[in-house]
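For reference, the structure is listed below as structure tokens.
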Amino acid sequence: MKITRNVKKILDNYESDCPGTKANLARILMHGRLGGSGKVVILPVDQGFEHGPARSFAPNPDAYDPHYHYQLAIDAGLNAYAAPLGPLEAGADTFAGAIPTILKLNSANSLSTNKDQAVTASVGDALRIGCSAIGFTIYPGSEDQYEMMEEIRELSEEAKSVGLAVVVWSYPRGGKLDKAGETALDVCAYAAHMAALLGAHIIKVKPPTEHLELDAAKKVYEAQKIDISTAAARYRHVVQACFNGRRIVVFSGGEAKDEEGIFNEVRAIRDGGGNGSIIGRNTFQRPREQALKMLDRIIRIYKGEN
Amino acid sequence: MKITRNVKKILDNYESDCPGTKANLARILMHGRLGGSGKVVILPVDQGFEHGPARSFAPNPDAYDPHYHYQLAIDAGLNAYAAPLGPLEAGADTFAGAIPTILKLNSANSLSTNKDQAVTASVGDALRIGCSAIGFTIYPGSEDQYEMMEEIRELSEEAKSVGLAVVVWSYPRGGKLDKAGETALDVCAYAAHMAALLGAHIIKVKPPTEHLELDAAKKVYEAQKIDISTAAARYRHVVQACFNGRRIVVFSGGEAKDEEGIFNEVRAIRDGGGNGSIIGRNTFQRPREQALKMLDRIIRIYKGEN
Amino acid sequence: MKITRNVKKILDNYESDCPGTKANLARILMHGRLGGSGKVVILPVDQGFEHGPARSFAPNPDAYDPHYHYQLAIDAGLNAYAAPLGPLEAGADTFAGAIPTILKLNSANSLSTNKDQAVTASVGDALRIGCSAIGFTIYPGSEDQYEMMEEIRELSEEAKSVGLAVVVWSYPRGGKLDKAGETALDVCAYAAHMAALLGAHIIKVKPPTEHLELDAAKKVYEAQKIDISTAAARYRHVVQACFNGRRIVVFSGGEAKDEEGIFNEVRAIRDGGGNGSIIGRNTFQRPREQALKMLDRIIRIYKGEN
Amino acid sequence: MKITRNVKKILDNYESDCPGTKANLARILMHGRLGGSGKVVILPVDQGFEHGPARSFAPNPDAYDPHYHYQLAIDAGLNAYAAPLGPLEAGADTFAGAIPTILKLNSANSLSTNKDQAVTASVGDALRIGCSAIGFTIYPGSEDQYEMMEEIRELSEEAKSVGLAVVVWSYPRGGKLDKAGETALDVCAYAAHMAALLGAHIIKVKPPTEHLELDAAKKVYEAQKIDISTAAARYRHVVQACFNGRRIVVFSGGEAKDEEGIFNEVRAIRDGGGNGSIIGRNTFQRPREQALKMLDRIIRIYKGEN
Amino acid sequence: MKITRNVKKILDNYESDCPGTKANLARILMHGRLGGSGKVVILPVDQGFEHGPARSFAPNPDAYDPHYHYQLAIDAGLNAYAAPLGPLEAGADTFAGAIPTILKLNSANSLSTNKDQAVTASVGDALRIGCSAIGFTIYPGSEDQYEMMEEIRELSEEAKSVGLAVVVWSYPRGGKLDKAGETALDVCAYAAHMAALLGAHIIKVKPPTEHLELDAAKKVYEAQKIDISTAAARYRHVVQACFNGRRIVVFSGGEAKDEEGIFNEVRAIRDGGGNGSIIGRNTFQRPREQALKMLDRIIRIYKGEN
């Protein structure tokens, strides 16, 4: 497999990482229909933990079966599939070597009374079931944010020592933040930056809105005339916050929405220089054929064909 | 011992497990009068911890003796016997090799002021006394739920590495949940799903009621017209939440009740595709002959003879 | 030393224990004037920790010297002597091999603001100073009860692996319990049962009163007509809660009281099938001759001579 | 599974073993057509290591496939199947739980220039692939015998601590012994005794001949008029050397021979009180149908039907 | 990446392995121009250790540079590249993710006075530099063979626990064997079989000659009329010795030779059912263009095109 110039350039940004970790990043970046382009589309399926099985899978009951998601990611030609321990274990043998996987090491649920997550898998599990990366969520702003950061620090150090890559879901939540604040551009860029500061290889954030949440930040945005007028400009700002593009940043699709809305978002990510999408509910809650068609379109957009 | 096709098919779902763990699952699935059918009836005796000795055993004082339960499970032809450390130790030599045992690794008691359990035994204990599996309770919803999940994560990884199986009691409790919420169908399916996500091999939940607890879920159940009208339909829904049947799910008997109520529940579990019952108080609080007769009837129902 | 039939029968109940642990249990059961009878009287001296030196020893200043207690236990012909690390170390050489000792591994003090104990010695200490058993207190009901149970779980597994016996002081305290609740029969039986469930070899509880504390339990005591009318009946009920007599249970003397009160209690323990007494303040706070005389009488009661 | 009186009596001889080890011994003793009788027939396939693949399997080429041996042992109704790591791994999933397995932890080969074996698997491997016991060869008499004994000591302690059973192949070889000496009655009984002294649960030796090798021993055999005239008498003598029957002893079939010779040997083992046969080449080098017929006959002899 | 049926069938033979190990085997089997066919061609470059740099690289001085070999393996479309620690480290970043690598964990040199190898790298190194497998040489027959087997046993257990594959070079050497014996068919099949018994995933042996070395084996080859007349028949015999094809076996090219000789060998491996070639000197000692042309031809032969 010839590593493309695009991918090689990205890998070169990970200056301190061992070749094992780079090889795993390369696996993700070289896999699927976007393989080699420097763009990625990842299927994450952790909504069962977050929202429960019926809310996640009843709209498309085939998706109750963990094999469904492996197969969807493979057939759609995605770069990787991310999930908690149980579903990865349930298909790890059938799909061994078929697609790079990301083991989500912590998980929250809707019954929770605090803004935290439980650590529900280990780096050893990731090696045992053949994953290329670990995934971890932090909630910047939450009362438990520092504990979460300390957990990922420790897991991240361990993962890097055995050649795994580290993907951080950085989702501002709790504390002083209201709902609007969670996706405010300043907060989103801040969250992405903190994931980069923590040493993440791949950063996942939500699409930022035009809202600016923090007064101190707002003043700077205005004084420095930071362009926040278009979605593409906002994505570009987040990319900047990720070490000026030295770290891979991908954006979640958020709540299920109509297809054109999704495609516009993807175009804006592409135009803003983001690395791609990590898109769950919007795919697996649709019938398989629709999902495949939609993912085909997204991939073509990232390829610049659409 | 020829592993039956039914059991082989179940074992094949545990794709990431070492043969040692599969052999222990096979032991449980092949043992007793339901051995080989893919159905299981397990005797759990941890009520002494939960409710104290008198509430548990005074109705049938022979049951104060740990040997009583080993013998009951063997004579009734059950698949396995589950208990905390002390009672398993008290009969481990007399009954060595006579029936698969499940060591319950954590326990709560009625004097507790929080919704948590103490870890009261280890994986090493399970090997030392010859158990086939470890058992662990989580309380989804409780303030301590994440700590409990982190405990089972660690114990589970250790158990899997030495060839033991993992049984998770997933009992929603505490936090936002009221009494009705604890057994609501949406919450029960959610709890079962979380145990599966955590990597459990066998999942134990309470029989779900028609109640729907969480507003966000309720909307989906209505929109998707999920059938919750019969007990069998509800069990089927829980089975679906366990990776569409890729994980074994058994149902507790709940509070002591009349026999016909129990038999109807068992028929509904069978018709809904559940894997069986884990039934404690309803057996050992009855006189032995009555308990044996009742268990015989339950087994015949699972065999489809009744 | 020919192990008597009574003792052999008791040892046979410890089915999962290694011969080293059984040999140490045998040492305790075969030692002193009650050696071989299956009854035991143990001298515990941890009141210095619990209540401070003056409250403990000023009534009989010779007792400030740890040697005093070793000598008292030996001269009285008791089965064992239990104490924290310091006092055992202080006489370990002089009395090496002279009497089985139990190293108390945790201790509370009167200055404490919570219902917990500090772990103040180790299994390694117990081996080093030649003890036959470790001792550990749990406070069922306390906010810290689960942590205490997790501590004894770990220490107990370690002790059993090196052939030591495990003595658990199970003293309900804190949380929902008021003073009367701590010695209520239902709570006392529950506490004894939990020690057994945790894998204790020897269980120490306080003498239960006629009071019933927990509503759910009270109903069962009444419905099942459990006899609680006499002290002997109550002790018998606690014995039942200790795996129907498969675990040794001994009773503390409680607060210092008059001799007849003590003798009556001992007669009731004997008649109820308890295994003996663990009696501290009532002995060492009396002048030595009185204490020896009292202990002689207690021993004779257990022998059925009185 | 009701443990039979015969098996219970055998298990009771293993006084210091944890219930886990006894459960694994029970699994072997209760499995197959001789299950419960106290007699065992075990299939060992380590000749590939000892003599190479062609000498071992060319006479019956189906036997090149490790699955063949699992299936043969199962179809013949044997108690257990013993092999090195590779072949057990190759069928561990297909046959998980189908028959007790014994992992041979050391192995020699025909190219070797000394009388030793390599340690080629671990106790961890045995747990991981679900074995009931470890197997280990010692060569009493060899220049390396003490190193071999030290290896099994360490592995045996580890195996016992995790509930596995220990099978020792005790094959005198090397040093002062010539070919005749290796199977001399005095040497064979001595070798069996040393395996017992080392703490083996199951001892495997070769059928002893009438020859007496060691001068010092010969004198005693003559002075004490030890009966060595019949094969049964010689087996009885070896049983005696295994703690007077307190340890299970089984005999290898030795080189391939005619069927009547084998049946006579089995009758003698049975009449001499031996526990059974461990018979490899004589089975798998025959066509499958012949092997099954022969094993059926052996089993019936042990059952006293022949 | 859709795992082909051929590869899936091979992976299914590795029954006890964790999905991580299977994913790494899949990576090797799915990579390069033979990816998916079940055939493999691997480039090994450890001759620098074995024979020194001049003997290895002077004929084609570009090969002094470790990058040369990575690039050759990639450009030729091989399945994997195997080397000691130093050369892999020297290109690990440049070629991260570009081709599966095998870290050779032990190495010998021409200055050695005994038939052994030094362990020169670790499983941790393999993870750190992103390898898919570890490689290890044993010398069956050598005075040090048992120590070598014990080393690979330990390294293999560790590698399997972290999801790496294990490649064993099984090269009979030393002890009773003369030069002709080292490649004798019986010895070669024996060596391959021992690697399989030790739990290797991929076995590498030298091409067997018609010679039969061991007297005891020779008798069996004659009695059983084992076909050794053609090279293909001999390869087929070695495949049989690798658990009847359940383990991947590849053949080294041996000493540098003319191209037609090599192609004939490859045809015979293919016709005999071998899995492929591991071919070093014959490639890198030729000028690059010649080597690429030769490897192209070999690959086409394995594809059945030539």
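Chains: A, B, ... in order of the structure tokens. Residues: from 1 per chain. Ligands: from 1, in order shown.
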
Can you tell me which residues surround Asp12 in chain E at a distance of at most 9 Å, considering only C-alpha atoms, apart from same-chain residues fewer than 5 positions away, and format the answer as a PDB file with all heavy atoms, in the first residue's frame?
```pdb
ATOM      1  N   ASP A  93     -14.431 -11.100  15.462  1.00  0.00           N
ATOM      2  CA  ASP A  93     -13.855 -12.219  14.732  1.00  0.00           C
ATOM      3  C   ASP A  93     -14.364 -12.238  13.287  1.00  0.00           C
ATOM      4  O   ASP A  93     -13.579 -12.362  12.349  1.00  0.00           O
ATOM      5  CB  ASP A  93     -14.213 -13.528  15.433  1.00  0.00           C
ATOM      6  CG  ASP A  93     -13.529 -14.701  14.792  1.00  0.00           C
ATOM      7  OD1 ASP A  93     -12.305 -14.826  14.978  1.00  0.00           O
ATOM      8  OD2 ASP A  93     -14.201 -15.474  14.085  1.00  0.00           O
TER       9      ASP A  93
ATOM     10  N   VAL E   7      -9.082 -16.213   2.503  1.00  0.00           N
ATOM     11  CA  VAL E   7      -8.411 -15.735   3.714  1.00  0.00           C
ATOM     12  C   VAL E   7      -9.251 -16.045   4.943  1.00  0.00           C
ATOM     13  O   VAL E   7      -8.749 -16.472   5.978  1.00  0.00           O
ATOM     14  CB  VAL E   7      -8.116 -14.225   3.601  1.00  0.00           C
ATOM     15  CG1 VAL E   7      -7.700 -13.644   4.942  1.00  0.00           C
ATOM     16  CG2 VAL E   7      -7.031 -13.993   2.554  1.00  0.00           C
ATOM     17  N   LYS E  22      -5.894 -12.198  14.820  1.00  0.00           N
ATOM     18  CA  LYS E  22      -6.478 -12.536  13.513  1.00  0.00           C
ATOM     19  C   LYS E  22      -6.439 -11.326  12.572  1.00  0.00           C
ATOM     20  O   LYS E  22      -6.203 -11.468  11.377  1.00  0.00           O
ATOM     21  CB  LYS E  22      -7.911 -13.016  13.693  1.00  0.00           C
ATOM     22  CG  LYS E  22      -7.973 -14.380  14.371  1.00  0.00           C
ATOM     23  CD  LYS E  22      -9.348 -14.986  14.178  1.00  0.00           C
ATOM     24  CE  LYS E  22      -9.424 -16.343  14.852  1.00  0.00           C
ATOM     25  NZ  LYS E  22     -10.670 -17.022  14.507  1.00  0.00           N
ATOM     26  N   ARG E 246      -3.796 -26.701   8.530  1.00  0.00           N
ATOM     27  CA  ARG E 246      -4.426 -25.731   9.433  1.00  0.00           C
ATOM     28  C   ARG E 246      -3.485 -24.604   9.841  1.00  0.00           C
ATOM     29  O   ARG E 246      -3.906 -23.651  10.506  1.00  0.00           O
ATOM     30  CB  ARG E 246      -4.955 -26.421  10.687  1.00  0.00           C
ATOM     31  CG  ARG E 246      -6.221 -27.218  10.450  1.00  0.00           C
ATOM     32  CD  ARG E 246      -6.771 -27.813  11.739  1.00  0.00           C
ATOM     33  NE  ARG E 246      -7.908 -28.644  11.428  1.00  0.00           N
ATOM     34  CZ  ARG E 246      -9.164 -28.195  11.319  1.00  0.00           C
ATOM     35  NH1 ARG E 246      -9.427 -26.926  11.542  1.00  0.00           N
ATOM     36  NH2 ARG E 246     -10.142 -29.018  11.004  1.00  0.00           N
TER      37      ARG E 246
END
```

So that I can check the secondary structure, give me every residue of range 82-159 of chain D assigned alpha helix (DSSP H) by backbone DSSP, as number ranges by chain.
D: 85-91, 123-128, 145-159

Write to file, as a tab-separated table (two decimals), in the first residue's frame, the residues of the selection just made, with N, CA and C atoms.
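File produced: result04.tsv:
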```tsv
chain	number	residue	atom	x	y	z
D	85	LEU	N	0.47	-27.53	23.18
D	85	LEU	CA	-0.28	-26.30	22.93
D	85	LEU	C	-0.91	-26.21	21.54
D	86	GLY	N	-0.10	-26.41	20.50
D	86	GLY	CA	-0.56	-26.18	19.13
D	86	GLY	C	-1.84	-26.94	18.78
D	87	PRO	N	-1.86	-28.24	18.92
D	87	PRO	CA	-3.06	-29.00	18.56
D	87	PRO	C	-4.27	-28.67	19.44
D	88	LEU	N	-4.04	-28.36	20.72
D	88	LEU	CA	-5.19	-27.97	21.54
D	88	LEU	C	-5.75	-26.65	21.04
D	89	GLU	N	-4.88	-25.68	20.77
D	89	GLU	CA	-5.34	-24.40	20.23
D	89	GLU	C	-6.12	-24.60	18.93
D	90	ALA	N	-5.67	-25.54	18.11
D	90	ALA	CA	-6.26	-25.70	16.77
D	90	ALA	C	-7.71	-26.21	16.80
D	91	GLY	N	-8.14	-26.74	17.96
D	91	GLY	CA	-9.53	-27.21	18.03
D	91	GLY	C	-10.28	-26.66	19.23
D	123	VAL	N	0.72	-22.27	32.40
D	123	VAL	CA	-0.54	-22.38	33.13
D	123	VAL	C	-1.56	-21.38	32.59
D	124	GLY	N	-1.08	-20.19	32.22
D	124	GLY	CA	-1.97	-19.19	31.60
D	124	GLY	C	-2.59	-19.71	30.31
D	125	ASP	N	-1.78	-20.40	29.50
D	125	ASP	CA	-2.33	-21.01	28.29
D	125	ASP	C	-3.44	-22.00	28.64
D	126	ALA	N	-3.21	-22.78	29.68
D	126	ALA	CA	-4.20	-23.80	30.07
D	126	ALA	C	-5.52	-23.16	30.43
D	127	LEU	N	-5.47	-22.04	31.17
D	127	LEU	CA	-6.71	-21.34	31.53
D	127	LEU	C	-7.37	-20.75	30.27
D	128	ARG	N	-6.58	-20.12	29.45
D	128	ARG	CA	-7.06	-19.46	28.26
D	128	ARG	C	-7.75	-20.40	27.30
D	145	GLN	N	17.18	-34.50	35.57
D	145	GLN	CA	15.96	-34.79	36.32
D	145	GLN	C	15.64	-33.73	37.38
D	146	TYR	N	16.65	-33.22	38.05
D	146	TYR	CA	16.35	-32.27	39.12
D	146	TYR	C	15.80	-30.95	38.56
D	147	GLU	N	16.35	-30.52	37.40
D	147	GLU	CA	15.81	-29.31	36.78
D	147	GLU	C	14.35	-29.54	36.39
D	148	MET	N	14.07	-30.72	35.85
D	148	MET	CA	12.69	-31.03	35.46
D	148	MET	C	11.76	-31.01	36.67
D	149	MET	N	12.26	-31.59	37.77
D	149	MET	CA	11.44	-31.60	38.99
D	149	MET	C	11.22	-30.18	39.51
D	150	GLU	N	12.22	-29.35	39.36
D	150	GLU	CA	12.07	-27.96	39.81
D	150	GLU	C	11.09	-27.20	38.92
D	151	GLU	N	11.09	-27.55	37.65
D	151	GLU	CA	10.11	-26.91	36.76
D	151	GLU	C	8.68	-27.31	37.11
D	152	ILE	N	8.46	-28.60	37.31
D	152	ILE	CA	7.08	-29.03	37.62
D	152	ILE	C	6.66	-28.51	38.99
D	153	ARG	N	7.60	-28.41	39.91
D	153	ARG	CA	7.26	-27.84	41.22
D	153	ARG	C	6.63	-26.47	41.08
D	154	GLU	N	7.29	-25.63	40.28
D	154	GLU	CA	6.85	-24.26	40.12
D	154	GLU	C	5.52	-24.20	39.36
D	155	LEU	N	5.44	-24.96	38.28
D	155	LEU	CA	4.22	-24.96	37.47
D	155	LEU	C	3.06	-25.56	38.25
D	156	SER	N	3.37	-26.56	39.05
D	156	SER	CA	2.34	-27.25	39.82
D	156	SER	C	1.76	-26.32	40.89
D	157	GLU	N	2.61	-25.58	41.55
D	157	GLU	CA	2.13	-24.63	42.56
D	157	GLU	C	1.21	-23.60	41.91
D	158	GLU	N	1.61	-23.12	40.73
D	158	GLU	CA	0.79	-22.13	40.03
D	158	GLU	C	-0.54	-22.75	39.59
D	159	ALA	N	-0.48	-23.94	39.06
D	159	ALA	CA	-1.70	-24.60	38.58
D	159	ALA	C	-2.68	-24.82	39.73
```

Residues of chain D near chain C: apply a cut-off of 12 Å, count only C-alpha atoms, and supply the list as a VMD selection string.
chain D and resid 12 14 to 23 160 to 163

Would you mind exporting N, CA and C atoms of the selected residues as a short mmCIF file (atom, residue, chain, number, x, y, z; two decimals), in the first residue's frame?
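Below is the file that was written, result11.cif:
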```cif
data_model
loop_
_atom_site.label_atom_id
_atom_site.label_comp_id
_atom_site.auth_asym_id
_atom_site.auth_seq_id
_atom_site.Cartn_x
_atom_site.Cartn_y
_atom_site.Cartn_z
N ASP D 12 -11.83 -37.23 47.81
CA ASP D 12 -11.53 -37.02 49.22
C ASP D 12 -10.06 -37.24 49.55
N TYR D 14 -7.65 -36.02 47.93
CA TYR D 14 -6.86 -34.83 47.61
C TYR D 14 -7.14 -33.77 48.66
N GLU D 15 -6.55 -33.95 49.84
CA GLU D 15 -6.98 -33.23 51.03
C GLU D 15 -6.61 -31.76 51.01
N SER D 16 -5.53 -31.41 50.38
CA SER D 16 -5.06 -30.03 50.47
C SER D 16 -5.50 -29.19 49.28
N ASP D 17 -6.20 -29.79 48.34
CA ASP D 17 -6.50 -29.05 47.13
C ASP D 17 -7.74 -28.19 47.26
N CYS D 18 -7.68 -27.06 46.57
CA CYS D 18 -8.82 -26.15 46.57
C CYS D 18 -9.95 -26.78 45.76
N PRO D 19 -11.18 -26.34 46.02
CA PRO D 19 -12.32 -26.92 45.32
C PRO D 19 -12.23 -26.79 43.80
N GLY D 20 -11.54 -25.75 43.33
CA GLY D 20 -11.38 -25.59 41.88
C GLY D 20 -10.65 -26.78 41.27
N THR D 21 -9.56 -27.17 41.91
CA THR D 21 -8.81 -28.32 41.43
C THR D 21 -9.64 -29.60 41.52
N LYS D 22 -10.38 -29.74 42.62
CA LYS D 22 -11.22 -30.94 42.76
C LYS D 22 -12.32 -30.96 41.70
N ALA D 23 -12.87 -29.79 41.39
CA ALA D 23 -13.90 -29.73 40.35
C ALA D 23 -13.32 -30.17 39.02
N LYS D 160 -2.16 -25.29 40.87
CA LYS D 160 -3.03 -25.54 42.02
C LYS D 160 -3.67 -24.25 42.54
N SER D 161 -2.95 -23.15 42.42
CA SER D 161 -3.49 -21.89 42.94
C SER D 161 -4.64 -21.34 42.08
N VAL D 162 -4.75 -21.82 40.84
CA VAL D 162 -5.85 -21.36 39.98
C VAL D 162 -6.84 -22.49 39.69
N GLY D 163 -6.76 -23.56 40.48
CA GLY D 163 -7.80 -24.58 40.38
C GLY D 163 -7.62 -25.60 39.27
#
```

When you draw a straight line from CA of Gly174 in chain D to CA of Phe243 in chain D, how long is it in Å?
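Between CA of Gly174 in chain D and CA of Phe243 in chain D the gap works out to 25.5 Å.
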
Pick out the residues sitting within 12 Å of Gln71 in chain B, and hand them over as a PyMOL selection string; count only C-alpha atoms, and ignore anything fewer than 6 positions along from it in its own chain.
(chain B and resi 43+62-63+65+77-78+80-81+91-92+94-96+98-99+284+288+292) or (chain D and resi 1-3)

DSSP-assigned strand (DSSP E or B) members of range 202-249 of chain E, reported as a list in words
Ile202, Ile203, Lys204, Val205, Thr209, Ile248 and Val249 of chain E

Residue subset to file, keeping C-alpha atoms, as a CSV table (one decimal), in the first residue's frame:
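Below is the file part-v8.csv, written as the result:
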```
chain,number,residue,atom,x,y,z
E,202,ILE,CA,3.1,-19.0,10.4
E,203,ILE,CA,5.8,-21.6,9.9
E,204,LYS,CA,8.9,-21.1,7.8
E,205,VAL,CA,11.1,-24.0,6.8
E,209,THR,CA,15.2,-32.6,-0.2
E,248,ILE,CA,0.3,-21.4,7.2
E,249,VAL,CA,3.6,-22.7,6.0
```

Please provide the set of residues having any atom within 10 Å of Leu177 in chain A, restricted to only C-alpha atoms, with same-chain residues fewer than 2 positions apart removed, written as a list in words.
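Neighbouring residues, sequence-local ones excluded: Pro140, Gly141, Ser142, Pro172, Arg173, Gly174, Gly175, Lys179, Ala180, Gly181, Glu182, Thr183, Ala184, Val187, Glu213 and Leu214 of chain A.
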
Take the residues that were just selected and, keeping all heavy atoms, output them as a tab-separated table (two decimals), in the first residue's frame.
```tsv
chain	number	residue	atom	x	y	z
A	140	PRO	N	-15.54	19.27	28.56
A	140	PRO	CA	-14.98	20.54	29.09
A	140	PRO	C	-16.12	21.39	29.69
A	140	PRO	O	-17.16	21.55	29.05
A	140	PRO	CB	-14.38	21.20	27.86
A	140	PRO	CG	-14.09	20.07	26.91
A	140	PRO	CD	-15.19	19.09	27.15
A	141	GLY	N	-15.91	21.90	30.87
A	141	GLY	CA	-16.93	22.70	31.52
A	141	GLY	C	-17.62	21.97	32.65
A	141	GLY	O	-18.05	22.58	33.63
A	142	SER	N	-17.73	20.65	32.54
A	142	SER	CA	-18.42	19.86	33.57
A	142	SER	C	-17.67	19.88	34.89
A	142	SER	O	-16.45	20.09	34.93
A	142	SER	CB	-18.57	18.43	33.08
A	142	SER	OG	-18.51	17.54	34.16
A	172	PRO	N	-18.21	20.14	25.09
A	172	PRO	CA	-18.45	21.04	26.22
A	172	PRO	C	-19.83	20.76	26.81
A	172	PRO	O	-20.79	20.55	26.05
A	172	PRO	CB	-18.39	22.42	25.58
A	172	PRO	CG	-17.64	22.23	24.30
A	172	PRO	CD	-17.97	20.85	23.84
A	173	ARG	N	-19.92	20.75	28.11
A	173	ARG	CA	-21.20	20.38	28.76
A	173	ARG	C	-21.09	20.70	30.25
A	173	ARG	O	-20.04	20.52	30.85
A	173	ARG	CB	-21.43	18.87	28.56
A	173	ARG	CG	-22.78	18.38	29.04
A	173	ARG	CD	-23.08	17.01	28.47
A	173	ARG	NE	-23.09	17.03	26.99
A	173	ARG	CZ	-23.30	15.95	26.21
A	173	ARG	NH1	-23.49	14.76	26.77
A	173	ARG	NH2	-23.32	16.07	24.90
A	174	GLY	N	-22.22	21.14	30.81
A	174	GLY	CA	-22.28	21.30	32.26
A	174	GLY	C	-21.64	22.58	32.74
A	174	GLY	O	-21.26	23.46	31.96
A	175	GLY	N	-21.52	22.70	34.05
A	175	GLY	CA	-20.91	23.88	34.66
A	175	GLY	C	-21.65	25.14	34.28
A	175	GLY	O	-22.87	25.22	34.39
A	179	LYS	N	-27.33	25.35	27.01
A	179	LYS	CA	-27.43	24.56	25.77
A	179	LYS	C	-26.75	25.28	24.59
A	179	LYS	O	-26.00	24.65	23.83
A	179	LYS	CB	-28.91	24.31	25.48
A	179	LYS	CG	-29.17	23.11	24.58
A	179	LYS	CD	-28.91	21.78	25.30
A	179	LYS	CE	-28.83	20.63	24.31
A	179	LYS	NZ	-28.28	19.41	24.90
A	180	ALA	N	-27.03	26.56	24.46
A	180	ALA	CA	-26.46	27.32	23.33
A	180	ALA	C	-24.94	27.39	23.45
A	180	ALA	O	-24.22	27.36	22.45
A	180	ALA	CB	-27.05	28.73	23.29
A	181	GLY	N	-24.49	27.50	24.67
A	181	GLY	CA	-23.05	27.61	24.89
A	181	GLY	C	-22.29	26.36	24.46
A	181	GLY	O	-21.13	26.44	24.06
A	182	GLU	N	-22.93	25.21	24.56
A	182	GLU	CA	-22.23	23.96	24.25
A	182	GLU	C	-21.71	23.90	22.82
A	182	GLU	O	-20.73	23.22	22.55
A	182	GLU	CB	-23.16	22.76	24.50
A	182	GLU	CG	-23.49	22.57	25.97
A	182	GLU	CD	-24.42	21.37	26.21
A	182	GLU	OE1	-24.80	20.72	25.21
A	182	GLU	OE2	-24.75	21.10	27.37
A	183	THR	N	-22.41	24.59	21.91
A	183	THR	CA	-21.97	24.55	20.51
A	183	THR	C	-21.53	25.93	19.99
A	183	THR	O	-21.35	26.12	18.79
A	183	THR	CB	-23.09	24.01	19.60
A	183	THR	OG1	-24.28	24.76	19.88
A	183	THR	CG2	-23.37	22.54	19.86
A	184	ALA	N	-21.39	26.88	20.92
A	184	ALA	CA	-20.92	28.20	20.52
A	184	ALA	C	-19.54	28.09	19.88
A	184	ALA	O	-18.73	27.25	20.29
A	184	ALA	CB	-20.86	29.10	21.76
A	187	VAL	N	-16.55	28.34	22.25
A	187	VAL	CA	-16.46	27.17	23.14
A	187	VAL	C	-16.01	25.94	22.36
A	187	VAL	O	-15.21	25.12	22.82
A	187	VAL	CB	-17.82	26.94	23.82
A	187	VAL	CG1	-17.82	25.61	24.57
A	187	VAL	CG2	-18.11	28.11	24.79
A	213	GLU	N	-20.08	32.51	23.33
A	213	GLU	CA	-20.61	32.29	24.67
A	213	GLU	C	-19.87	33.09	25.75
A	213	GLU	O	-20.48	33.71	26.61
A	213	GLU	CB	-20.50	30.79	25.00
A	213	GLU	CG	-20.80	30.40	26.43
A	213	GLU	CD	-22.28	30.33	26.74
A	213	GLU	OE1	-23.10	30.60	25.82
A	213	GLU	OE2	-22.65	30.04	27.90
A	214	LEU	N	-18.58	33.07	25.69
A	214	LEU	CA	-17.81	33.63	26.79
A	214	LEU	C	-17.48	35.10	26.52
A	214	LEU	O	-16.93	35.44	25.47
A	214	LEU	CB	-16.51	32.83	26.98
A	214	LEU	CG	-16.73	31.32	27.20
A	214	LEU	CD1	-15.43	30.56	27.05
A	214	LEU	CD2	-17.37	31.07	28.57
```

Could you please determine the separation between CA of Arg236 in chain B and CA of Asp271 in chain B in Å, to one decimal place?
8.0 Å

When you look at Gly32 in chain E with a cut-off of 10 Å (counting only C-alpha atoms), what residues show up, excluding the ones that are within fewer than 3 positions of it in the same chain? I need them as number ranges by chain.
A: 1; E: 27-29, 35-36, 40-41, 73-80, 99-100, 299

For a test of reading the model, state the distance in Å between CA of Glu143 in chain C and CA of Ser107 in chain C, rounded to one decimal.
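Going from CA of Glu143 in chain C over to CA of Ser107 in chain C covers 16.6 Å.
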